[in-house]
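S.K.: The structure file structure_33.cif (mmCIF, C-alpha atoms) is provided below.
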```cif
data_entry
loop_
_atom_site.group_PDB
_atom_site.id
_atom_site.type_symbol
_atom_site.label_atom_id
_atom_site.label_comp_id
_atom_site.auth_asym_id
_atom_site.auth_seq_id
_atom_site.Cartn_x
_atom_site.Cartn_y
_atom_site.Cartn_z
ATOM 1 C CA MET A 1 -30.767 53.287 145.199
ATOM 2 C CA ASN A 2 -31.956 56.860 144.804
ATOM 3 C CA PHE A 3 -31.322 58.962 141.738
ATOM 4 C CA GLU A 4 -31.034 62.699 142.137
ATOM 5 C CA LEU A 5 -32.765 64.659 139.418
ATOM 6 C CA ASP A 6 -32.819 68.393 138.918
ATOM 7 C CA ILE A 7 -34.422 70.564 136.267
ATOM 8 C CA VAL A 8 -32.628 73.761 135.231
ATOM 9 C CA GLN A 9 -34.064 76.293 132.799
ATOM 10 C CA ILE A 10 -31.751 77.518 130.051
ATOM 11 C CA SER A 11 -33.589 80.789 129.622
ATOM 12 C CA LYS A 12 -35.138 82.379 132.677
ATOM 13 C CA VAL A 13 -37.944 83.799 130.577
ATOM 14 C CA ILE A 14 -40.327 80.893 130.639
ATOM 15 C CA LYS A 15 -42.874 80.694 127.890
ATOM 16 C CA ASP A 16 -44.002 77.134 128.373
ATOM 17 C CA PRO A 17 -42.604 75.303 131.420
ATOM 18 C CA LEU A 18 -43.173 71.963 129.713
ATOM 19 C CA ASP A 19 -41.095 72.912 126.671
ATOM 20 C CA ASN A 20 -38.130 70.548 126.843
ATOM 21 C CA GLY A 21 -36.120 72.765 124.525
ATOM 22 C CA ASN A 22 -35.686 75.000 127.563
ATOM 23 C CA ASN A 23 -35.374 72.370 130.283
ATOM 24 C CA VAL A 24 -32.067 70.755 131.152
ATOM 25 C CA PHE A 25 -32.210 67.526 133.121
ATOM 26 C CA VAL A 26 -29.360 67.275 135.613
ATOM 27 C CA VAL A 27 -28.890 63.653 136.641
ATOM 28 C CA LYS A 28 -26.455 62.775 139.369
ATOM 29 C CA ALA A 29 -24.470 59.635 138.625
ATOM 30 C CA VAL A 30 -24.503 56.949 141.296
ATOM 31 C CA ASN A 31 -21.168 56.062 142.865
ATOM 32 C CA ILE A 32 -20.614 52.848 140.940
ATOM 33 C CA LEU A 33 -21.448 52.435 137.249
ATOM 34 C CA ASP A 34 -20.476 48.900 136.391
ATOM 35 C CA MET A 35 -22.185 45.993 134.721
ATOM 36 C CA GLY A 36 -24.252 45.030 137.746
ATOM 37 C CA GLU A 37 -25.263 48.473 138.958
ATOM 38 C CA SER A 38 -25.720 50.417 135.768
ATOM 39 C CA GLU A 39 -28.924 48.788 134.525
ATOM 40 C CA LYS A 40 -31.238 51.070 136.492
ATOM 41 C CA MET A 41 -29.326 54.150 135.419
ATOM 42 C CA TRP A 42 -29.659 53.063 131.798
ATOM 43 C CA THR A 43 -33.400 52.468 132.193
ATOM 44 C CA LEU A 44 -33.874 55.900 133.741
ATOM 45 C CA LEU A 45 -31.809 57.787 131.173
ATOM 46 C CA LYS A 46 -33.409 55.915 128.281
ATOM 47 C CA THR A 47 -36.900 56.620 129.601
ATOM 48 C CA LEU A 48 -36.139 60.318 129.975
ATOM 49 C CA ALA A 49 -34.486 60.556 126.561
ATOM 50 C CA GLU A 50 -37.348 58.812 124.815
ATOM 51 C CA GLY A 51 -39.846 60.849 126.796
ATOM 52 C CA GLY A 52 -38.820 64.100 125.198
ATOM 53 C CA CYS A 53 -35.821 65.222 127.226
ATOM 54 C CA ARG A 54 -33.371 67.003 124.938
ATOM 55 C CA TYR A 55 -30.609 68.380 127.112
ATOM 56 C CA MET A 56 -28.993 66.315 129.810
ATOM 57 C CA ILE A 57 -26.137 66.935 132.218
ATOM 58 C CA ILE A 58 -24.576 63.991 134.010
ATOM 59 C CA ASP A 59 -23.124 65.208 137.291
ATOM 60 C CA MET A 60 -20.278 62.817 138.093
ATOM 61 C CA GLU A 61 -19.343 64.247 141.437
ATOM 62 C CA GLY A 62 -20.054 61.075 143.388
ATOM 63 C CA LEU A 63 -18.822 58.642 140.760
ATOM 64 C CA GLU A 64 -16.047 56.417 142.011
ATOM 65 C CA PHE A 65 -15.938 53.571 139.551
ATOM 66 C CA ILE A 66 -16.978 53.159 135.931
ATOM 67 C CA ASP A 67 -16.412 50.332 133.486
ATOM 68 C CA SER A 68 -17.206 49.661 129.847
ATOM 69 C CA ALA A 69 -20.876 49.023 130.580
ATOM 70 C CA GLY A 70 -21.160 52.446 132.224
ATOM 71 C CA ILE A 71 -19.395 54.138 129.324
ATOM 72 C CA GLY A 72 -21.724 52.289 126.956
ATOM 73 C CA ILE A 73 -24.707 53.866 128.712
ATOM 74 C CA LEU A 74 -23.317 57.362 128.183
ATOM 75 C CA ILE A 75 -22.652 56.715 124.504
ATOM 76 C CA ASN A 76 -26.065 55.156 123.912
ATOM 77 C CA VAL A 77 -27.887 58.028 125.621
ATOM 78 C CA ALA A 78 -25.805 60.541 123.641
ATOM 79 C CA LYS A 79 -26.881 58.801 120.440
ATOM 80 C CA ILE A 80 -30.583 58.940 121.377
ATOM 81 C CA LEU A 81 -30.381 62.608 122.400
ATOM 82 C CA ARG A 82 -28.464 63.680 119.302
ATOM 83 C CA GLY A 83 -31.127 62.000 117.224
ATOM 84 C CA VAL A 84 -33.609 64.577 118.543
ATOM 85 C CA LYS A 85 -31.132 67.468 118.188
ATOM 86 C CA GLY A 86 -30.314 67.422 121.876
ATOM 87 C CA ASP A 87 -27.036 66.891 123.651
ATOM 88 C CA ILE A 88 -25.495 65.316 126.717
ATOM 89 C CA VAL A 89 -22.531 66.694 128.660
ATOM 90 C CA MET A 90 -20.670 65.684 131.800
ATOM 91 C CA THR A 91 -19.618 67.836 134.737
ATOM 92 C CA ASN A 92 -17.504 67.443 137.856
ATOM 93 C CA VAL A 93 -15.490 64.577 136.415
ATOM 94 C CA SER A 94 -12.658 63.656 138.746
ATOM 95 C CA SER A 95 -9.183 63.311 137.250
ATOM 96 C CA ARG A 96 -9.143 59.610 138.049
ATOM 97 C CA ILE A 97 -12.283 59.025 136.003
ATOM 98 C CA GLU A 98 -10.997 61.316 133.253
ATOM 99 C CA ASN A 99 -7.970 59.053 132.922
ATOM 100 C CA ILE A 100 -10.324 56.230 132.028
ATOM 101 C CA PHE A 101 -12.014 58.380 129.368
ATOM 102 C CA ASN A 102 -8.750 59.559 127.786
ATOM 103 C CA PRO A 103 -7.591 56.355 126.005
ATOM 104 C CA ILE A 104 -10.947 55.913 124.251
ATOM 105 C CA LYS A 105 -11.195 59.671 123.590
ATOM 106 C CA LEU A 106 -14.660 59.912 125.109
ATOM 107 C CA ASN A 107 -14.121 63.622 125.748
ATOM 108 C CA ARG A 108 -14.252 64.186 122.001
ATOM 109 C CA PHE A 109 -17.655 62.536 121.761
ATOM 110 C CA ILE A 110 -19.191 63.863 124.986
ATOM 111 C CA LYS A 111 -18.090 67.286 126.188
ATOM 112 C CA ILE A 112 -16.823 67.666 129.740
ATOM 113 C CA PHE A 113 -17.377 70.895 131.701
ATOM 114 C CA SER A 114 -16.142 71.886 135.115
ATOM 115 C CA SER A 115 -19.457 73.181 136.427
ATOM 116 C CA ILE A 116 -23.174 73.026 135.739
ATOM 117 C CA ASP A 117 -23.295 76.762 134.885
ATOM 118 C CA GLU A 118 -20.744 76.283 132.110
ATOM 119 C CA SER A 119 -22.746 73.380 130.691
ATOM 120 C CA ILE A 120 -25.879 75.551 130.661
ATOM 121 C CA LYS A 121 -23.895 78.194 128.742
ATOM 122 C CA HIS A 122 -22.956 75.501 126.227
ATOM 123 C CA PHE A 123 -26.633 74.552 125.784
ATOM 124 C CA LYS A 124 -27.518 78.208 125.218
ATOM 125 C CA MET A 125 -25.311 78.176 122.115
ATOM 126 C CA CYS A 126 -26.911 74.979 120.794
ATOM 127 C CA MET B 1 -34.105 71.741 143.816
ATOM 128 C CA LYS B 2 -33.381 68.063 144.083
ATOM 129 C CA ASN B 3 -35.896 65.445 143.079
ATOM 130 C CA TYR B 4 -35.275 61.915 144.195
ATOM 131 C CA LEU B 5 -36.250 59.029 142.012
ATOM 132 C CA GLU B 6 -35.971 55.327 142.629
ATOM 133 C CA LEU B 7 -36.557 52.421 140.282
ATOM 134 C CA ILE B 8 -38.122 49.371 141.894
ATOM 135 C CA PRO B 9 -38.268 46.199 139.788
ATOM 136 C CA LEU B 10 -41.496 44.355 140.620
ATOM 137 C CA SER B 11 -40.201 41.057 139.316
ATOM 138 C CA PRO B 12 -37.003 39.899 137.657
ATOM 139 C CA THR B 13 -37.113 40.379 133.910
ATOM 140 C CA PRO B 14 -35.144 38.274 131.492
ATOM 141 C CA GLY B 15 -33.120 39.812 128.702
ATOM 142 C CA ASP B 16 -32.015 43.351 128.023
ATOM 143 C CA ALA B 17 -35.365 44.827 127.006
ATOM 144 C CA VAL B 18 -37.059 47.072 129.539
ATOM 145 C CA ASN B 19 -40.517 45.899 130.561
ATOM 146 C CA TYR B 20 -42.271 48.939 131.952
ATOM 147 C CA ASN B 21 -45.148 46.838 133.281
ATOM 148 C CA LEU B 22 -42.759 45.293 135.784
ATOM 149 C CA LEU B 23 -40.972 48.476 136.728
ATOM 150 C CA LEU B 24 -42.128 50.930 139.377
ATOM 151 C CA PHE B 25 -40.833 54.512 139.458
ATOM 152 C CA ARG B 26 -40.907 55.935 142.973
ATOM 153 C CA LEU B 27 -40.736 59.717 142.980
ATOM 154 C CA LYS B 28 -40.165 61.558 146.229
ATOM 155 C CA VAL B 29 -42.366 64.633 146.352
ATOM 156 C CA PRO B 30 -40.608 67.782 147.676
ATOM 157 C CA ALA B 31 -41.720 69.573 150.841
ATOM 158 C CA SER B 32 -44.065 71.900 149.004
ATOM 159 C CA LEU B 33 -46.041 71.571 145.800
ATOM 160 C CA ASP B 34 -46.925 75.116 144.803
ATOM 161 C CA LEU B 35 -46.928 77.231 141.681
ATOM 162 C CA LYS B 36 -43.137 77.503 141.681
ATOM 163 C CA SER B 37 -41.935 74.064 142.657
ATOM 164 C CA SER B 38 -44.603 71.849 141.121
ATOM 165 C CA THR B 39 -43.523 72.393 137.506
ATOM 166 C CA GLU B 40 -40.273 70.506 138.086
ATOM 167 C CA SER B 41 -42.128 67.430 139.270
ATOM 168 C CA LEU B 42 -44.500 67.767 136.337
ATOM 169 C CA VAL B 43 -41.656 68.019 133.802
ATOM 170 C CA ILE B 44 -40.061 64.870 135.240
ATOM 171 C CA MET B 45 -43.317 62.929 135.356
ATOM 172 C CA LYS B 46 -44.324 63.951 131.832
ATOM 173 C CA ALA B 47 -40.925 62.848 130.523
ATOM 174 C CA LEU B 48 -41.200 59.515 132.325
ATOM 175 C CA ILE B 49 -44.738 58.896 131.078
ATOM 176 C CA ALA B 50 -43.890 59.859 127.502
ATOM 177 C CA GLY B 51 -40.840 57.619 127.766
ATOM 178 C CA GLY B 52 -43.028 54.622 128.533
ATOM 179 C CA ALA B 53 -43.316 54.440 132.320
ATOM 180 C CA LYS B 54 -46.548 52.737 133.335
ATOM 181 C CA LYS B 55 -46.346 52.670 137.114
ATOM 182 C CA ILE B 56 -45.463 55.689 139.218
ATOM 183 C CA LEU B 57 -45.614 55.835 142.996
ATOM 184 C CA MET B 58 -45.430 59.276 144.560
ATOM 185 C CA ASP B 59 -43.968 59.183 148.029
ATOM 186 C CA MET B 60 -45.585 62.083 149.890
ATOM 187 C CA THR B 61 -44.030 61.573 153.313
ATOM 188 C CA GLY B 62 -42.088 64.831 153.013
ATOM 189 C CA LEU B 63 -44.943 66.907 151.603
ATOM 190 C CA GLU B 64 -46.057 69.716 153.887
ATOM 191 C CA THR B 65 -47.961 72.205 151.762
ATOM 192 C CA VAL B 66 -49.919 71.836 148.559
ATOM 193 C CA ASP B 67 -51.885 74.474 146.678
ATOM 194 C CA SER B 68 -54.206 74.492 143.692
ATOM 195 C CA ALA B 69 -51.316 74.531 141.202
ATOM 196 C CA GLY B 70 -49.829 71.483 142.938
ATOM 197 C CA ILE B 71 -53.124 69.625 142.765
ATOM 198 C CA GLY B 72 -53.353 70.664 139.121
ATOM 199 C CA THR B 73 -49.998 69.086 138.311
ATOM 200 C CA LEU B 74 -50.965 65.891 140.142
ATOM 201 C CA ILE B 75 -54.206 65.638 138.168
ATOM 202 C CA SER B 76 -52.441 66.488 134.915
ATOM 203 C CA ALA B 77 -49.857 63.756 135.512
ATOM 204 C CA ALA B 78 -52.513 61.203 136.480
ATOM 205 C CA LYS B 79 -54.530 62.110 133.403
ATOM 206 C CA SER B 80 -51.677 61.632 130.942
ATOM 207 C CA MET B 81 -50.855 58.387 132.742
ATOM 208 C CA LYS B 82 -54.422 57.146 132.254
ATOM 209 C CA THR B 83 -54.242 57.823 128.531
ATOM 210 C CA ALA B 84 -51.009 55.803 128.498
ATOM 211 C CA LYS B 85 -52.901 53.004 130.322
ATOM 212 C CA GLY B 86 -50.749 53.249 133.407
ATOM 213 C CA GLU B 87 -51.427 54.394 136.925
ATOM 214 C CA VAL B 88 -50.150 56.926 139.446
ATOM 215 C CA VAL B 89 -50.731 56.317 143.159
ATOM 216 C CA PHE B 90 -49.745 58.159 146.334
ATOM 217 C CA SER B 91 -48.326 56.808 149.547
ATOM 218 C CA GLY B 92 -47.471 58.279 152.919
ATOM 219 C CA VAL B 93 -49.904 61.204 152.714
ATOM 220 C CA SER B 94 -50.130 63.115 155.987
ATOM 221 C CA GLN B 95 -53.526 63.835 157.559
ATOM 222 C CA SER B 96 -53.494 67.563 156.790
ATOM 223 C CA ILE B 97 -52.719 66.938 153.118
ATOM 224 C CA LYS B 98 -55.388 64.235 153.045
ATOM 225 C CA ASN B 99 -57.929 66.811 154.195
ATOM 226 C CA VAL B 100 -57.005 69.062 151.266
ATOM 227 C CA PHE B 101 -57.322 66.154 148.846
ATOM 228 C CA ARG B 102 -60.705 65.177 150.297
ATOM 229 C CA MET B 103 -62.092 68.638 149.606
ATOM 230 C CA VAL B 104 -61.442 68.272 145.874
ATOM 231 C CA ASN B 105 -62.340 64.572 145.927
ATOM 232 C CA LEU B 106 -58.899 63.613 144.622
ATOM 233 C CA GLN B 107 -58.961 60.206 146.304
ATOM 234 C CA GLY B 108 -61.731 59.191 143.884
ATOM 235 C CA PHE B 109 -59.387 59.859 140.984
ATOM 236 C CA ILE B 110 -56.011 58.785 142.346
ATOM 237 C CA LYS B 111 -55.524 55.884 144.768
ATOM 238 C CA ILE B 112 -53.949 56.762 148.110
ATOM 239 C CA PHE B 113 -52.122 54.159 150.211
ATOM 240 C CA ASN B 114 -50.912 54.557 153.773
ATOM 241 C CA LEU B 115 -47.764 52.507 153.385
ATOM 242 C CA GLU B 116 -45.328 52.232 150.543
ATOM 243 C CA ALA B 117 -45.388 48.436 150.772
ATOM 244 C CA GLU B 118 -49.147 48.413 150.173
ATOM 245 C CA ALA B 119 -48.708 50.481 147.028
ATOM 246 C CA VAL B 120 -45.899 48.248 145.753
ATOM 247 C CA ASN B 121 -48.098 45.219 146.414
ATOM 248 C CA TYR B 122 -50.981 46.843 144.550
ATOM 249 C CA PHE B 123 -48.764 47.442 141.531
ATOM 250 C CA ARG B 124 -47.416 43.930 141.651
ATOM 251 C CA TYR B 125 -50.838 42.423 141.001
ATOM 252 C CA LEU B 126 -52.105 45.113 138.663
#
```
What would the structure in this file look like if it were written as structure tokens?
M.R.:
Amino acid sequence: MNFELDIVQISKVIKDPLDNGNNVFVVKAVNILDMGESEKMWTLLKTLAEGGCRYMIIDMEGLEFIDSAGIGILINVAKILRGVKGDIVMTNVSSRIENIFNPIKLNRFIKIFSSIDESIKHFKMC
Amino acid sequence: MKNYLELIPLSPTPGDAVNYNLLLFRLKVPASLDLKSSTESLVIMKALIAGGAKKILMDMTGLETVDSAGIGTLISAAKSMKTAKGEVVFSGVSQSIKNVFRMVNLQGFIKIFNLEAEAVNYFRYL
């Protein structure tokens, strides 16, 4: 299973390329995030978050199925990142997946944006 | 630019805790490692290493060009890995890239394997 990772700079004026206050990690969610499949995703996100990543975007374009274990990952990563004054947001969430998030009001805890550019704008204000 | 990352468990681990000694991160190197594109790989690797990763395999099958900045990032990543008591190795290096590495004697510093399976095997008994 391959994870797609992308680094986007918040400000184009780069002082230090290794400064994670300016780097946004865009992680593409795999197509199934359930109890069996989500362990690797959790390991990856946890490693990145503990390794100094502050801003993270989860691109949910390819996500087809998510259960409580997958939602738990998002909440746990959000907690780690907010501990270091970072943030996590989601983009490209399909309406079917959004219906799962609505009853537990996940969109109040983790912001949802329609595109990656809008999420970068949100991080600029942070 | 997309970076592809894969997590390969070297042996089944009991419990929920992540054992980084039994977990291999396989990073696919993009087609060129130059001044512009190498920082992304470096940001990802630094985050992984700081997050606790001990074993990183860089899959260089797609690599076509590498310049001094690219070699610099490879050495910088390998160096921070050595201080963390882990190891970075390469696999699938093409002959032309090997010639570049030989000139700077990189193979004395970082192990190079022909096949991915050899590298995975090496990590398994490390």
S.K.: Could you list the residues in chain B lying within 6 Å of chain A, using all atoms listed in the file, and format the result as JSON, numbers by chain?
M.R.: {"B": [2, 3, 4, 5, 6, 43, 47, 48, 50, 51]}
S.K.: So, counting all atoms listed in the file, which residue among A:Ile104, A:Ile110, A:Val93, A:Met125 is closest to Met56 in chain A?
M.R.: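 Nearest to Met56 in chain A: A:Ile110.
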S.K.: Ranking B:Ser11, B:Thr73, B:Asn21, B:Thr61 by minimum distance to Leu35 in chain B and counting only C-alpha atoms, which one comes first?
M.R.: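 The shortest atom-to-atom distance to Leu35 in chain B comes from B:Thr73.
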S.K.: With distances taken over all atoms listed in the file, which of B:Ala53, B:Ile8, B:Leu24, B:Val120 is nearest to Lys85 in chain B?
M.R.: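 Closest to Lys85 in chain B, using all atoms listed in the file: B:Ala53.
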S.K.: For Ile88 in chain A, which residue out of A:Lys121, A:Lys111, A:Lys105, A:Lys15 is the nearest one, using only C-alpha atoms?
M.R.: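 Distance minimum relative to Ile88 in chain A lands on A:Lys111.
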S.K.: Which residue gives the smallest distance to Thr83 in chain B among B:Ile110, B:Leu115, B:Leu57, B:Ile49, with only C-alpha atoms counted?
M.R.: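 The closest residue to Thr83 in chain B is B:Ile49.
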S.K.: Could you list the residues chosen by the PyMOL selection byres ((chain B and resi 119) around 10) in this structure as number ranges by chain?
M.R.: B: 56-59, 89-92, 111-118, 120-124
S.K.: Spell out the residues picked by the PyMOL selection byres ((chain B and resi 19) around 12) here, as a PDB file with C-alpha atoms, in the frame of the given file.
M.R.:
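Full text of expr-v4.pdb as output:
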```pdb
ATOM      1  CA  THR A  43     -33.400  52.468 132.193  1.00  0.00           C
ATOM      2  CA  THR A  47     -36.900  56.620 129.601  1.00  0.00           C
TER       3      THR A  47
ATOM      4  CA  PRO B   9     -38.268  46.199 139.788  1.00  0.00           C
ATOM      5  CA  LEU B  10     -41.496  44.355 140.620  1.00  0.00           C
ATOM      6  CA  SER B  11     -40.201  41.057 139.316  1.00  0.00           C
ATOM      7  CA  PRO B  12     -37.003  39.899 137.657  1.00  0.00           C
ATOM      8  CA  THR B  13     -37.113  40.379 133.910  1.00  0.00           C
ATOM      9  CA  PRO B  14     -35.144  38.274 131.492  1.00  0.00           C
ATOM     10  CA  GLY B  15     -33.120  39.812 128.702  1.00  0.00           C
ATOM     11  CA  ASP B  16     -32.015  43.351 128.023  1.00  0.00           C
ATOM     12  CA  ALA B  17     -35.365  44.827 127.006  1.00  0.00           C
ATOM     13  CA  VAL B  18     -37.059  47.072 129.539  1.00  0.00           C
ATOM     14  CA  TYR B  20     -42.271  48.939 131.952  1.00  0.00           C
ATOM     15  CA  ASN B  21     -45.148  46.838 133.281  1.00  0.00           C
ATOM     16  CA  LEU B  22     -42.759  45.293 135.784  1.00  0.00           C
ATOM     17  CA  LEU B  23     -40.972  48.476 136.728  1.00  0.00           C
ATOM     18  CA  LEU B  24     -42.128  50.930 139.377  1.00  0.00           C
ATOM     19  CA  GLY B  52     -43.028  54.622 128.533  1.00  0.00           C
ATOM     20  CA  ALA B  53     -43.316  54.440 132.320  1.00  0.00           C
ATOM     21  CA  LYS B  54     -46.548  52.737 133.335  1.00  0.00           C
ATOM     22  CA  LYS B  55     -46.346  52.670 137.114  1.00  0.00           C
TER      23      LYS B  55
END
```
S.K.: Draw an axis-aligned box tight on the listed atoms of range 87-105 of chain A, then pad every side by 6 Å and write out centre and edge lengths in Å to one decimal as JSON.
M.R.:
```
{"center_x": -17.3, "center_y": 61.9, "center_z": 131.2, "size_x": 31.4, "size_y": 23.9, "size_z": 27.2}
```
S.K.: Need to verify the contact set: Leu81 in chain A, 6 Å, all atoms listed in the file, exclusion of same-chain residues closer than 5 positions in sequence. Can you return it as a ChimeraX atom specification?
M.R.: /A:54,86-87
S.K.: Show which residues sit within 10 Å of Gly72 in chain B, as a PyMOL selection string. Count only C-alpha atoms, and ignore same-chain residues fewer than 4 positions away.
M.R.: chain B and resi 33-35+38+42+67-68+76-78
S.K.: Those residues with C-alpha atoms, as a compact mmCIF listing (two decimals), in the frame of the given file please?
M.R.:
```
# COMPACT_ATOMS: atom_id res chain seq x y z
CA LEU B 33 -46.04 71.57 145.80
CA ASP B 34 -46.92 75.12 144.80
CA LEU B 35 -46.93 77.23 141.68
CA SER B 38 -44.60 71.85 141.12
CA LEU B 42 -44.50 67.77 136.34
CA ASP B 67 -51.88 74.47 146.68
CA SER B 68 -54.21 74.49 143.69
CA SER B 76 -52.44 66.49 134.92
CA ALA B 77 -49.86 63.76 135.51
CA ALA B 78 -52.51 61.20 136.48
```
S.K.: Under the PyMOL selection byres ((chain A and resi 89) around 10), which residues of this model are included? Write them out as a list in words.
M.R.: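 Applied to this file, the PyMOL selection byres ((chain A and resi 89) around 10) selects Val26, Tyr55, Met56, Ile57, Ile58, Asp59, Leu74, Ala78, Asp87, Ile88, Met90, Thr91, Asn107, Phe109, Ile110, Lys111, Ile112, Phe113, Ile116, Ser119, Ile120, His122 and Phe123 of chain A.
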S.K.: For Ser68 in chain A, list every protein, DNA or RNA residue within 10 Å, evaluated using only C-alpha atoms, and leave out those in the same chain fewer than 3 positions away; present the list as a list of chain:residue names.
M.R.: A:Leu33, A:Asp34, A:Met35, A:Ile71, A:Gly72, A:Ile73, A:Leu74, A:Ile100
